[in-house]
file structure-v2.pdb (PDB, C-alpha atoms, pLDDT in the B column)
MODEL        1
ATOM      1  CA  ASP A  74      12.178  51.382-178.280  1.00 58.00           C
ATOM      2  CA  THR A  75      11.113  47.830-177.415  1.00 64.00           C
ATOM      3  CA  GLU A  76       7.910  47.788-179.402  1.00 91.00           C
ATOM      4  CA  VAL A  77       6.485  44.999-181.487  1.00 96.00           C
ATOM      5  CA  THR A  78       3.308  45.909-183.354  1.00 96.00           C
ATOM      6  CA  GLN A  79       0.629  43.565-184.653  1.00 97.00           C
ATOM      7  CA  THR A  80      -2.328  44.107-186.950  1.00 97.00           C
ATOM      8  CA  PRO A  81      -5.194  43.632-186.855  1.00 97.00           C
ATOM      9  CA  LYS A  82      -6.075  43.658-183.146  1.00 96.00           C
ATOM     10  CA  HIS A  83      -9.194  41.581-183.761  1.00 97.00           C
ATOM     11  CA  LEU A  84     -10.186  39.354-186.678  1.00 96.00           C
ATOM     12  CA  VAL A  85     -13.340  37.375-187.381  1.00 96.00           C
ATOM     13  CA  MET A  86     -13.228  35.017-190.323  1.00 93.00           C
ATOM     14  CA  GLY A  87     -15.180  32.190-191.826  1.00 90.00           C
ATOM     15  CA  MET A  88     -13.739  28.777-192.499  1.00 89.00           C
ATOM     16  CA  THR A  89     -13.430  29.488-196.232  1.00 89.00           C
ATOM     17  CA  ASN A  90     -11.732  32.867-195.877  1.00 90.00           C
ATOM     18  CA  LYS A  91      -8.096  33.768-196.451  1.00 95.00           C
ATOM     19  CA  LYS A  92      -6.598  36.382-194.155  1.00 96.00           C
ATOM     20  CA  SER A  93      -3.178  37.480-192.950  1.00 97.00           C
ATOM     21  CA  LEU A  94      -1.780  38.594-189.616  1.00 98.00           C
ATOM     22  CA  LYS A  95       1.065  41.083-189.636  1.00 98.00           C
ATOM     23  CA  CYS A  96       3.849  41.759-187.184  1.00 98.00           C
ATOM     24  CA  GLU A  97       6.534  44.447-187.290  1.00 97.00           C
ATOM     25  CA  GLN A  98       9.548  45.366-185.176  1.00 97.00           C
ATOM     26  CA  HIS A  99      12.166  48.070-185.622  1.00 90.00           C
ATOM     27  CA  MET A 100      14.623  47.012-182.936  1.00 92.00           C
ATOM     28  CA  GLY A 101      17.064  45.414-185.393  1.00 92.00           C
ATOM     29  CA  HIS A 102      16.202  41.983-184.034  1.00 92.00           C
ATOM     30  CA  ARG A 103      17.124  39.032-186.232  1.00 92.00           C
ATOM     31  CA  ALA A 104      14.758  36.480-184.709  1.00 92.00           C
ATOM     32  CA  MET A 105      10.964  36.559-184.869  1.00 95.00           C
ATOM     33  CA  TYR A 106       8.353  34.174-183.499  1.00 95.00           C
ATOM     34  CA  TRP A 107       4.687  33.251-183.756  1.00 97.00           C
ATOM     35  CA  TYR A 108       2.868  31.886-180.706  1.00 97.00           C
ATOM     36  CA  LYS A 109      -0.695  30.696-180.260  1.00 98.00           C
ATOM     37  CA  GLN A 110      -2.506  31.145-176.943  1.00 97.00           C
ATOM     38  CA  LYS A 111      -5.836  29.546-176.135  1.00 97.00           C
ATOM     39  CA  ALA A 112      -7.969  30.958-173.338  1.00 94.00           C
ATOM     40  CA  LYS A 113      -6.571  30.323-169.848  1.00 92.00           C
ATOM     41  CA  LYS A 114      -3.530  28.523-171.277  1.00 96.00           C
ATOM     42  CA  PRO A 115       0.100  29.558-171.724  1.00 96.00           C
ATOM     43  CA  PRO A 116       1.423  30.642-175.125  1.00 96.00           C
ATOM     44  CA  GLU A 117       2.670  27.829-177.357  1.00 95.00           C
ATOM     45  CA  LEU A 118       5.373  28.293-179.957  1.00 94.00           C
ATOM     46  CA  MET A 119       4.357  27.845-183.587  1.00 96.00           C
ATOM     47  CA  PHE A 120       7.269  29.132-185.700  1.00 96.00           C
ATOM     48  CA  VAL A 121      10.741  30.640-185.311  1.00 93.00           C
ATOM     49  CA  TYR A 122      12.460  32.721-187.990  1.00 94.00           C
ATOM     50  CA  SER A 123      16.136  33.526-187.713  1.00 91.00           C
ATOM     51  CA  TYR A 124      17.741  35.860-190.250  1.00 92.00           C
ATOM     52  CA  GLU A 125      14.572  35.607-192.353  1.00 94.00           C
ATOM     53  CA  LYS A 126      14.801  31.808-192.590  1.00 93.00           C
ATOM     54  CA  LEU A 127      12.336  29.410-191.000  1.00 94.00           C
ATOM     55  CA  SER A 128      14.222  27.647-188.206  1.00 91.00           C
ATOM     56  CA  ILE A 129      11.471  25.924-186.241  1.00 90.00           C
ATOM     57  CA  ASN A 130       8.010  24.726-187.292  1.00 93.00           C
ATOM     58  CA  GLU A 131       6.321  23.080-184.322  1.00 92.00           C
ATOM     59  CA  SER A 132       4.314  20.690-186.516  1.00 92.00           C
ATOM     60  CA  VAL A 133       1.797  23.415-187.275  1.00 96.00           C
ATOM     61  CA  PRO A 134      -0.980  22.498-189.771  1.00 96.00           C
ATOM     62  CA  SER A 135      -0.421  23.792-193.287  1.00 96.00           C
ATOM     63  CA  ARG A 136      -3.488  26.030-193.068  1.00 96.00           C
ATOM     64  CA  PHE A 137      -1.098  28.355-191.186  1.00 97.00           C
ATOM     65  CA  SER A 138       1.610  29.671-193.510  1.00 97.00           C
ATOM     66  CA  PRO A 139       4.313  31.968-192.126  1.00 98.00           C
ATOM     67  CA  GLU A 140       6.303  34.426-194.197  1.00 97.00           C
ATOM     68  CA  CYS A 141       9.225  36.694-193.336  1.00 96.00           C
ATOM     69  CA  PRO A 142       9.608  39.179-196.220  1.00 95.00           C
ATOM     70  CA  ASN A 143      12.389  41.105-194.469  1.00 93.00           C
ATOM     71  CA  SER A 144      14.076  41.327-191.094  1.00 90.00           C
ATOM     72  CA  SER A 145      11.430  43.698-189.691  1.00 95.00           C
ATOM     73  CA  LEU A 146       8.260  41.985-190.864  1.00 97.00           C
ATOM     74  CA  LEU A 147       6.592  38.693-190.116  1.00 98.00           C
ATOM     75  CA  ASN A 148       3.292  37.542-191.591  1.00 98.00           C
ATOM     76  CA  LEU A 149       1.030  34.630-190.813  1.00 98.00           C
ATOM     77  CA  HIS A 150      -1.246  33.666-193.689  1.00 98.00           C
ATOM     78  CA  LEU A 151      -4.447  31.892-192.708  1.00 96.00           C
ATOM     79  CA  HIS A 152      -6.543  29.696-194.989  1.00 95.00           C
ATOM     80  CA  ALA A 153      -9.370  27.241-194.364  1.00 93.00           C
ATOM     81  CA  LEU A 154      -9.154  27.579-190.599  1.00 94.00           C
ATOM     82  CA  GLN A 155     -11.269  25.623-188.160  1.00 95.00           C
ATOM     83  CA  PRO A 156     -13.244  26.985-185.192  1.00 95.00           C
ATOM     84  CA  GLU A 157     -10.694  25.380-182.833  1.00 96.00           C
ATOM     85  CA  ASP A 158      -8.060  27.726-184.309  1.00 97.00           C
ATOM     86  CA  SER A 159      -9.744  30.615-182.527  1.00 97.00           C
ATOM     87  CA  ALA A 160      -7.127  32.025-180.166  1.00 97.00           C
ATOM     88  CA  LEU A 161      -4.820  34.940-179.384  1.00 97.00           C
ATOM     89  CA  TYR A 162      -1.911  34.971-181.841  1.00 98.00           C
ATOM     90  CA  LEU A 163       1.224  36.575-180.450  1.00 97.00           C
ATOM     91  CA  CYS A 164       4.287  37.730-182.317  1.00 97.00           C
ATOM     92  CA  ALA A 165       7.636  38.198-180.591  1.00 95.00           C
ATOM     93  CA  SER A 166      11.164  39.163-181.508  1.00 93.00           C
ATOM     94  CA  SER A 167      14.610  38.831-179.971  1.00 90.00           C
ATOM     95  CA  GLN A 168      18.077  40.046-180.811  1.00 87.00           C
ATOM     96  CA  GLU A 169      19.277  36.624-181.846  1.00 80.00           C
ATOM     97  CA  TRP A 170      18.107  33.019-181.699  1.00 80.00           C
ATOM     98  CA  GLY A 171      19.881  29.864-180.665  1.00 75.00           C
ATOM     99  CA  LEU A 172      23.276  31.379-179.798  1.00 73.00           C
ATOM    100  CA  ALA A 173      24.936  30.155-176.628  1.00 67.00           C
ATOM    101  CA  GLY A 174      25.856  32.922-174.212  1.00 63.00           C
ATOM    102  CA  VAL A 175      23.602  35.486-175.866  1.00 67.00           C
ATOM    103  CA  GLN A 176      20.799  37.052-173.844  1.00 64.00           C
ATOM    104  CA  GLU A 177      17.682  36.350-175.862  1.00 77.00           C
ATOM    105  CA  THR A 178      14.983  38.331-174.161  1.00 86.00           C
ATOM    106  CA  GLN A 179      11.839  38.008-176.229  1.00 89.00           C
ATOM    107  CA  TYR A 180       9.621  41.049-176.695  1.00 92.00           C
ATOM    108  CA  PHE A 181       5.975  40.437-177.467  1.00 95.00           C
ATOM    109  CA  GLY A 182       3.407  42.335-179.472  1.00 96.00           C
ATOM    110  CA  PRO A 183      -0.136  42.952-178.204  1.00 95.00           C
ATOM    111  CA  GLY A 184      -1.538  40.034-180.176  1.00 96.00           C
ATOM    112  CA  THR A 185      -4.369  39.443-182.635  1.00 97.00           C
ATOM    113  CA  ARG A 186      -7.566  37.916-181.252  1.00 97.00           C
ATOM    114  CA  LEU A 187      -8.861  35.584-183.935  1.00 97.00           C
ATOM    115  CA  LEU A 188     -12.360  34.129-184.031  1.00 96.00           C
ATOM    116  CA  VAL A 189     -13.147  31.516-186.666  1.00 96.00           C
ATOM    117  CA  LEU A 190     -16.842  30.972-187.361  1.00 94.00           C
TER     118      LEU A 190
ATOM    119  CA  GLY B 272      10.099  17.827-173.063  1.00 80.00           C
ATOM    120  CA  ILE B 273      10.825  20.125-170.162  1.00 85.00           C
ATOM    121  CA  GLN B 274       8.076  20.551-167.562  1.00 91.00           C
ATOM    122  CA  VAL B 275       7.450  24.004-166.090  1.00 95.00           C
ATOM    123  CA  GLU B 276       5.055  24.229-163.168  1.00 97.00           C
ATOM    124  CA  GLN B 277       3.980  27.412-161.418  1.00 98.00           C
ATOM    125  CA  SER B 278       2.351  27.889-158.058  1.00 97.00           C
ATOM    126  CA  PRO B 279      -0.058  28.957-156.844  1.00 97.00           C
ATOM    127  CA  PRO B 280      -2.352  28.734-159.903  1.00 97.00           C
ATOM    128  CA  ASP B 281      -4.602  31.499-158.544  1.00 97.00           C
ATOM    129  CA  LEU B 282      -3.982  34.231-156.007  1.00 97.00           C
ATOM    130  CA  ILE B 283      -6.191  36.993-154.642  1.00 97.00           C
ATOM    131  CA  LEU B 284      -4.519  39.803-152.717  1.00 96.00           C
ATOM    132  CA  GLN B 285      -5.660  42.958-151.084  1.00 96.00           C
ATOM    133  CA  GLU B 286      -3.900  46.073-152.321  1.00 97.00           C
ATOM    134  CA  GLY B 287      -0.683  46.643-150.388  1.00 97.00           C
ATOM    135  CA  ALA B 288      -0.031  42.980-149.652  1.00 97.00           C
ATOM    136  CA  ASN B 289       3.139  41.108-150.645  1.00 97.00           C
ATOM    137  CA  SER B 290       3.321  37.811-152.516  1.00 97.00           C
ATOM    138  CA  THR B 291       5.735  35.176-153.795  1.00 98.00           C
ATOM    139  CA  LEU B 292       5.173  33.251-157.007  1.00 98.00           C
ATOM    140  CA  ARG B 293       7.126  30.083-157.729  1.00 98.00           C
ATOM    141  CA  CYS B 294       8.312  28.442-160.946  1.00 98.00           C
ATOM    142  CA  ASN B 295       9.727  24.898-160.908  1.00 97.00           C
ATOM    143  CA  PHE B 296      11.374  23.398-163.964  1.00 95.00           C
ATOM    144  CA  SER B 297      12.429  19.855-164.664  1.00 92.00           C
ATOM    145  CA  ASP B 298      15.791  20.326-166.416  1.00 89.00           C
ATOM    146  CA  SER B 299      18.770  22.673-166.610  1.00 86.00           C
ATOM    147  CA  VAL B 300      17.929  25.824-168.541  1.00 85.00           C
ATOM    148  CA  ASN B 301      19.809  28.319-170.649  1.00 82.00           C
ATOM    149  CA  ASN B 302      17.281  31.116-170.282  1.00 86.00           C
ATOM    150  CA  LEU B 303      14.496  32.003-167.857  1.00 93.00           C
ATOM    151  CA  GLN B 304      12.156  34.946-168.197  1.00 94.00           C
ATOM    152  CA  TRP B 305       9.253  36.228-166.144  1.00 97.00           C
ATOM    153  CA  PHE B 306       6.334  37.871-167.938  1.00 97.00           C
ATOM    154  CA  HIS B 307       3.180  39.660-166.862  1.00 97.00           C
ATOM    155  CA  GLN B 308       0.184  39.263-169.162  1.00 97.00           C
ATOM    156  CA  ASN B 309      -2.275  42.080-168.580  1.00 93.00           C
ATOM    157  CA  PRO B 310      -6.041  41.610-168.943  1.00 89.00           C
ATOM    158  CA  TRP B 311      -5.829  42.765-172.593  1.00 88.00           C
ATOM    159  CA  GLY B 312      -3.384  40.013-173.476  1.00 91.00           C
ATOM    160  CA  GLN B 313      -0.146  41.987-173.716  1.00 92.00           C
ATOM    161  CA  LEU B 314       2.872  40.044-172.454  1.00 94.00           C
ATOM    162  CA  ILE B 315       5.329  42.332-170.721  1.00 93.00           C
ATOM    163  CA  ASN B 316       8.885  41.342-169.866  1.00 92.00           C
ATOM    164  CA  LEU B 317       9.653  41.560-166.193  1.00 96.00           C
ATOM    165  CA  PHE B 318      13.006  39.821-165.855  1.00 95.00           C
ATOM    166  CA  TYR B 319      15.558  37.846-167.794  1.00 92.00           C
ATOM    167  CA  ILE B 320      17.046  35.785-164.990  1.00 94.00           C
ATOM    168  CA  PRO B 321      18.652  32.396-165.710  1.00 90.00           C
ATOM    169  CA  SER B 322      20.415  32.649-162.345  1.00 92.00           C
ATOM    170  CA  GLY B 323      20.879  35.038-159.436  1.00 95.00           C
ATOM    171  CA  THR B 324      18.718  37.861-158.141  1.00 97.00           C
ATOM    172  CA  LYS B 325      17.395  41.013-159.785  1.00 97.00           C
ATOM    173  CA  GLN B 326      15.198  43.836-158.570  1.00 97.00           C
ATOM    174  CA  ASN B 327      13.089  46.348-160.442  1.00 96.00           C
ATOM    175  CA  GLY B 328      11.035  48.652-158.249  1.00 97.00           C
ATOM    176  CA  ARG B 329       8.443  46.650-156.299  1.00 97.00           C
ATOM    177  CA  LEU B 330       9.347  43.461-158.131  1.00 98.00           C
ATOM    178  CA  SER B 331      12.287  41.180-157.600  1.00 98.00           C
ATOM    179  CA  ALA B 332      13.205  37.727-158.841  1.00 98.00           C
ATOM    180  CA  THR B 333      15.575  34.992-157.769  1.00 98.00           C
ATOM    181  CA  THR B 334      16.558  31.919-159.744  1.00 96.00           C
ATOM    182  CA  VAL B 335      18.402  29.021-158.105  1.00 96.00           C
ATOM    183  CA  ALA B 336      19.470  27.172-161.215  1.00 91.00           C
ATOM    184  CA  THR B 337      21.065  24.241-159.360  1.00 92.00           C
ATOM    185  CA  GLU B 338      17.748  23.528-157.619  1.00 95.00           C
ATOM    186  CA  ARG B 339      15.647  24.266-160.716  1.00 95.00           C
ATOM    187  CA  TYR B 340      13.323  26.928-159.420  1.00 97.00           C
ATOM    188  CA  SER B 341      12.700  30.641-159.662  1.00 98.00           C
ATOM    189  CA  LEU B 342      10.739  32.996-157.421  1.00 98.00           C
ATOM    190  CA  LEU B 343       9.017  36.274-158.269  1.00 98.00           C
ATOM    191  CA  TYR B 344       8.349  38.638-155.371  1.00 98.00           C
ATOM    192  CA  ILE B 345       5.712  41.354-155.606  1.00 97.00           C
ATOM    193  CA  SER B 346       5.712  43.864-152.792  1.00 97.00           C
ATOM    194  CA  SER B 347       3.030  46.458-151.951  1.00 97.00           C
ATOM    195  CA  SER B 348       0.766  45.073-154.659  1.00 97.00           C
ATOM    196  CA  GLN B 349      -1.430  47.418-156.704  1.00 97.00           C
ATOM    197  CA  THR B 350      -4.565  46.752-158.743  1.00 96.00           C
ATOM    198  CA  THR B 351      -2.493  47.243-161.903  1.00 95.00           C
ATOM    199  CA  ASP B 352      -0.494  44.142-160.930  1.00 96.00           C
ATOM    200  CA  SER B 353      -3.548  42.021-161.732  1.00 96.00           C
ATOM    201  CA  GLY B 354      -3.189  39.581-164.606  1.00 96.00           C
ATOM    202  CA  VAL B 355      -1.339  36.354-165.277  1.00 98.00           C
ATOM    203  CA  TYR B 356       2.308  35.847-164.450  1.00 98.00           C
ATOM    204  CA  PHE B 357       4.260  33.379-166.556  1.00 98.00           C
ATOM    205  CA  CYS B 358       7.750  32.076-166.245  1.00 97.00           C
ATOM    206  CA  ALA B 359       9.265  30.756-169.454  1.00 95.00           C
ATOM    207  CA  VAL B 360      12.388  28.676-169.869  1.00 93.00           C
ATOM    208  CA  GLU B 361      14.667  27.735-172.699  1.00 86.00           C
ATOM    209  CA  LEU B 362      16.261  24.337-172.474  1.00 76.00           C
ATOM    210  CA  SER B 363      19.368  24.956-174.562  1.00 68.00           C
ATOM    211  CA  ALA B 364      20.831  27.124-177.271  1.00 59.00           C
ATOM    212  CA  GLY B 365      21.181  25.916-180.826  1.00 63.00           C
ATOM    213  CA  THR B 366      18.737  24.319-183.205  1.00 60.00           C
ATOM    214  CA  ALA B 367      16.469  23.074-180.421  1.00 61.00           C
ATOM    215  CA  SER B 368      16.270  26.444-178.719  1.00 72.00           C
ATOM    216  CA  LYS B 369      12.729  27.423-177.822  1.00 84.00           C
ATOM    217  CA  LEU B 370      10.925  29.134-174.967  1.00 88.00           C
ATOM    218  CA  THR B 371       8.504  26.935-173.013  1.00 92.00           C
ATOM    219  CA  PHE B 372       5.980  28.726-170.832  1.00 96.00           C
ATOM    220  CA  GLY B 373       4.897  27.616-167.410  1.00 97.00           C
ATOM    221  CA  THR B 374       1.322  27.014-166.351  1.00 96.00           C
ATOM    222  CA  GLY B 375       0.887  30.573-165.062  1.00 97.00           C
ATOM    223  CA  THR B 376      -0.290  32.228-161.847  1.00 98.00           C
ATOM    224  CA  ARG B 377      -3.455  34.285-162.152  1.00 97.00           C
ATOM    225  CA  LEU B 378      -3.284  37.255-159.733  1.00 97.00           C
ATOM    226  CA  GLN B 379      -6.151  39.471-158.746  1.00 97.00           C
ATOM    227  CA  VAL B 380      -5.434  42.495-156.565  1.00 97.00           C
ATOM    228  CA  THR B 381      -8.493  44.014-154.924  1.00 96.00           C
ATOM    229  CA  LEU B 382      -9.028  47.356-153.215  1.00 92.00           C
TER     230      LEU B 382
ENDMDL
END

call {"tool": "encode", "arguments": {"input": "structure-v2.pdb", "output": "structure tokens"}}
result
Amino acid sequence: DTEVTQTPKHLVMGMTNKKSLKCEQHMGHRAMYWYKQKAKKPPELMFVYSYEKLSINESVPSRFSPECPNSSLLNLHLHALQPEDSALYLCASSQEWGLAGVQETQYFGPGTRLLVL
Amino acid sequence: GIQVEQSPPDLILQEGANSTLRCNFSDSVNNLQWFHQNPWGQLINLFYIPSGTKQNGRLSATTVATERYSLLYISSSQTTDSGVYFCAVELSAGTASKLTFGTGTRLQVTL
């Protein structure tokens, strides 16, 4: 099973709201990722978690707060977003992260389409 | 950072036609993957191919790491092949390891 699930599929929120995106995988992967994808652009990495620890933060604004409560779950907490944060948010996982000689195929979830009004 | 350019940016094919998509990258890479993003946004792994050639049904891919490019071949295209094709590369393992996506090729297959 190579499935990564994400909820919700769609989310509309105001600039004063607080919401969370959820991602789950049951492949035993130890690395999980958040990407942001604007329309007609490639995905851009936001965060990398390895063994439940934050390994990479690509200078993401603090209104995005990631959390990895266990090895299967990854959350992205959203607060005081701006309209320009509207995008497709993709979660991915891989067996490992950052190990030389290890095949690190990333498997992606279906994404959450976020609209900030 | 590493530059990843894909060509062509847009491609329209009639069903049954063959095509070749190209990915050029500016530095040596540890990892290269090809993905298909369907019209609903789902990114689907096609190949993990940092070097060599692989085939999977109507699709095949070749990466020539020494010349810093990869090719994705689609044969006998079908309407379900429509979407955006991305290559993504990882510069190195370790603390700087991250996947950088190319600019994408948008494919439309018509009847």

call {"tool": "interface_residues", "arguments": {"input": "structure-v2.pdb", "of": "chain A", "to": "chain B", "cutoff": "9 Å", "atoms": "all atoms listed in the file", "output": "number ranges by chain"}}
result
A: 113-118, 121, 128-129, 161, 163, 170-184

call {"tool": "write_last_selection", "arguments": {"input": "structure-v2.pdb", "atoms": "C-alpha atoms", "output": "tab-separated table (two decimals), keeping the file's coordinate frame"}}
result
chain	number	residue	atom	x	y	z
A	113	LYS	CA	-6.57	30.32	-169.85
A	114	LYS	CA	-3.53	28.52	-171.28
A	115	PRO	CA	0.10	29.56	-171.72
A	116	PRO	CA	1.42	30.64	-175.12
A	117	GLU	CA	2.67	27.83	-177.36
A	118	LEU	CA	5.37	28.29	-179.96
A	121	VAL	CA	10.74	30.64	-185.31
A	128	SER	CA	14.22	27.65	-188.21
A	129	ILE	CA	11.47	25.92	-186.24
A	161	LEU	CA	-4.82	34.94	-179.38
A	163	LEU	CA	1.22	36.58	-180.45
A	170	TRP	CA	18.11	33.02	-181.70
A	171	GLY	CA	19.88	29.86	-180.66
A	172	LEU	CA	23.28	31.38	-179.80
A	173	ALA	CA	24.94	30.16	-176.63
A	174	GLY	CA	25.86	32.92	-174.21
A	175	VAL	CA	23.60	35.49	-175.87
A	176	GLN	CA	20.80	37.05	-173.84
A	177	GLU	CA	17.68	36.35	-175.86
A	178	THR	CA	14.98	38.33	-174.16
A	179	GLN	CA	11.84	38.01	-176.23
A	180	TYR	CA	9.62	41.05	-176.70
A	181	PHE	CA	5.98	40.44	-177.47
A	182	GLY	CA	3.41	42.34	-179.47
A	183	PRO	CA	-0.14	42.95	-178.20
A	184	GLY	CA	-1.54	40.03	-180.18

call {"tool": "resolve_selection", "arguments": {"input": "structure-v2.pdb", "expression": "the PyMOL selection byres ((chain A and resi 136) around 6)", "output": "PyMOL selection string"}}
result
chain A and resi 134-135+137+151-152

call {"tool": "atom_distance", "arguments": {"input": "structure-v2.pdb", "atom1": "atom CA of Ser297 of chain B", "atom2": "atom CA of Gln274 of chain B"}}
result
5.3 Å

call {"tool": "resolve_selection", "arguments": {"input": "structure-v2.pdb", "expression": "the PyMOL selection byres ((chain A and resi 157-160) around 7)", "output": "list in words"}}
result
Lys109, Gln110, Lys111, Ala112, Leu154, Gln155, Pro156, Leu161, Tyr162, Arg186, Leu187, Leu188 and Val189 of chain A

call {"tool": "closest_residue", "arguments": {"input": "structure-v2.pdb", "among": "B:Ser299, B:Gln277, B:Thr381, B:Asn289", "to": "Leu342 of chain B", "atoms": "all atoms listed in the file"}}
result
B:Gln277

call {"tool": "closest_residue", "arguments": {"input": "structure-v2.pdb", "among": "A:Asn130, A:Lys82, A:Ala153, A:Leu147", "to": "Leu190 of chain A", "atoms": "only C-alpha atoms"}}
result
A:Ala153

call {"tool": "atom_distance", "arguments": {"input": "structure-v2.pdb", "atom1": "atom CA of Glu286 of chain B", "atom2": "atom CA of Thr324 of chain B"}}
result
24.8 Å

call {"tool": "resolve_selection", "arguments": {"input": "structure-v2.pdb", "expression": "the PyMOL selection byres ((chain A and resi 97) around 12)", "output": "MDAnalysis selection string"}}
result
chainID A and resid 75:81 94:96 98:107 141:149 163:166 180:184

call {"tool": "atom_distance", "arguments": {"input": "structure-v2.pdb", "atom1": "atom CA of Ser138 of chain A", "atom2": "atom CA of Gly87 of chain A"}}
result
17.1 Å

call {"tool": "closest_residue", "arguments": {"input": "structure-v2.pdb", "among": "B:Thr334, B:Arg339, B:Gln349, B:Trp305", "to": "Ile273 of chain B", "atoms": "only C-alpha atoms"}}
result
B:Arg339

call {"tool": "axis_aligned_box", "arguments": {"input": "structure-v2.pdb", "around": "segment 311-329 of chain B", "padding_each_side": "5 Å", "output": "lines of an AutoDock Vina configuration file"}}
result
center_x = 7.5
center_y = 40.5
center_z = -165.0
size_x = 36.7
size_y = 26.3
size_z = 27.4

call {"tool": "residues_around", "arguments": {"input": "structure-v2.pdb", "residues": "Gln285 of chain B", "least_positions_apart": "3", "cutoff": "12 Å", "atoms": "all atoms listed in the file", "output": "ChimeraX atom specification"}}
result
/B:282,288-290,346-350,352-353,378-382

call {"tool": "decode", "arguments": {"input": "structure-v2.pdb", "residues": "segment 123-184 of chain A", "atoms": "C-alpha atoms", "output": "tab-separated table (two decimals), in the first residue's frame"}}
result
chain	number	residue	atom	x	y	z
A	123	SER	CA	12.63	12.94	9.83
A	124	TYR	CA	11.94	10.55	12.70
A	125	GLU	CA	9.34	13.01	14.01
A	126	LYS	CA	11.86	15.86	14.23
A	127	LEU	CA	11.78	18.97	12.08
A	128	SER	CA	14.80	18.74	9.77
A	129	ILE	CA	14.15	21.45	7.19
A	130	ASN	CA	12.10	24.66	7.39
A	131	GLU	CA	12.37	26.50	4.08
A	132	SER	CA	11.98	29.92	5.71
A	133	VAL	CA	8.23	29.47	5.90
A	134	PRO	CA	6.28	32.27	7.67
A	135	SER	CA	5.28	31.48	11.24
A	136	ARG	CA	1.58	31.58	10.34
A	137	PHE	CA	2.25	28.02	9.11
A	138	SER	CA	3.07	25.71	12.02
A	139	PRO	CA	3.91	22.06	11.34
A	140	GLU	CA	3.51	19.27	13.85
A	141	CYS	CA	4.44	15.59	13.73
A	142	PRO	CA	2.66	13.88	16.66
A	143	ASN	CA	3.85	10.41	15.64
A	144	SER	CA	5.57	8.68	12.75
A	145	SER	CA	2.32	8.23	10.81
A	146	LEU	CA	0.79	11.68	11.18
A	147	LEU	CA	1.74	15.13	10.01
A	148	ASN	CA	-0.29	18.27	10.66
A	149	LEU	CA	-0.03	21.79	9.33
A	150	HIS	CA	-1.64	24.39	11.58
A	151	LEU	CA	-2.78	27.56	9.86
A	152	HIS	CA	-3.37	30.91	11.55
A	153	ALA	CA	-3.86	34.44	10.25
A	154	LEU	CA	-3.26	33.45	6.64
A	155	GLN	CA	-3.21	35.87	3.75
A	156	PRO	CA	-5.05	35.55	0.42
A	157	GLU	CA	-1.70	34.86	-1.30
A	158	ASP	CA	-1.44	31.67	0.78
A	159	SER	CA	-4.23	30.17	-1.30
A	160	ALA	CA	-2.73	27.11	-2.96
A	161	LEU	CA	-2.69	23.31	-3.14
A	162	TYR	CA	-0.93	21.90	-0.07
A	163	LEU	CA	0.67	18.52	-0.67
A	164	CYS	CA	1.94	16.05	1.88
A	165	ALA	CA	4.48	13.37	0.99
A	166	SER	CA	6.38	10.61	2.72
A	167	SER	CA	9.46	8.52	2.02
A	168	GLN	CA	11.18	5.60	3.67
A	169	GLU	CA	14.06	7.68	4.90
A	170	TRP	CA	15.48	11.17	4.43
A	171	GLY	CA	18.99	12.37	3.79
A	172	LEU	CA	20.75	8.99	3.77
A	173	ALA	CA	23.32	8.42	1.05
A	174	GLY	CA	22.69	5.33	-1.04
A	175	VAL	CA	19.08	4.98	0.08
A	176	GLN	CA	16.32	5.16	-2.52
A	177	GLU	CA	14.06	7.92	-1.29
A	178	THR	CA	11.06	7.76	-3.55
A	179	GLN	CA	8.53	10.26	-2.27
A	180	TYR	CA	4.85	9.33	-2.29
A	181	PHE	CA	2.35	12.15	-2.40
A	182	GLY	CA	-1.14	12.56	-1.02
A	183	PRO	CA	-3.99	14.05	-3.07
A	184	GLY	CA	-3.55	17.48	-1.53
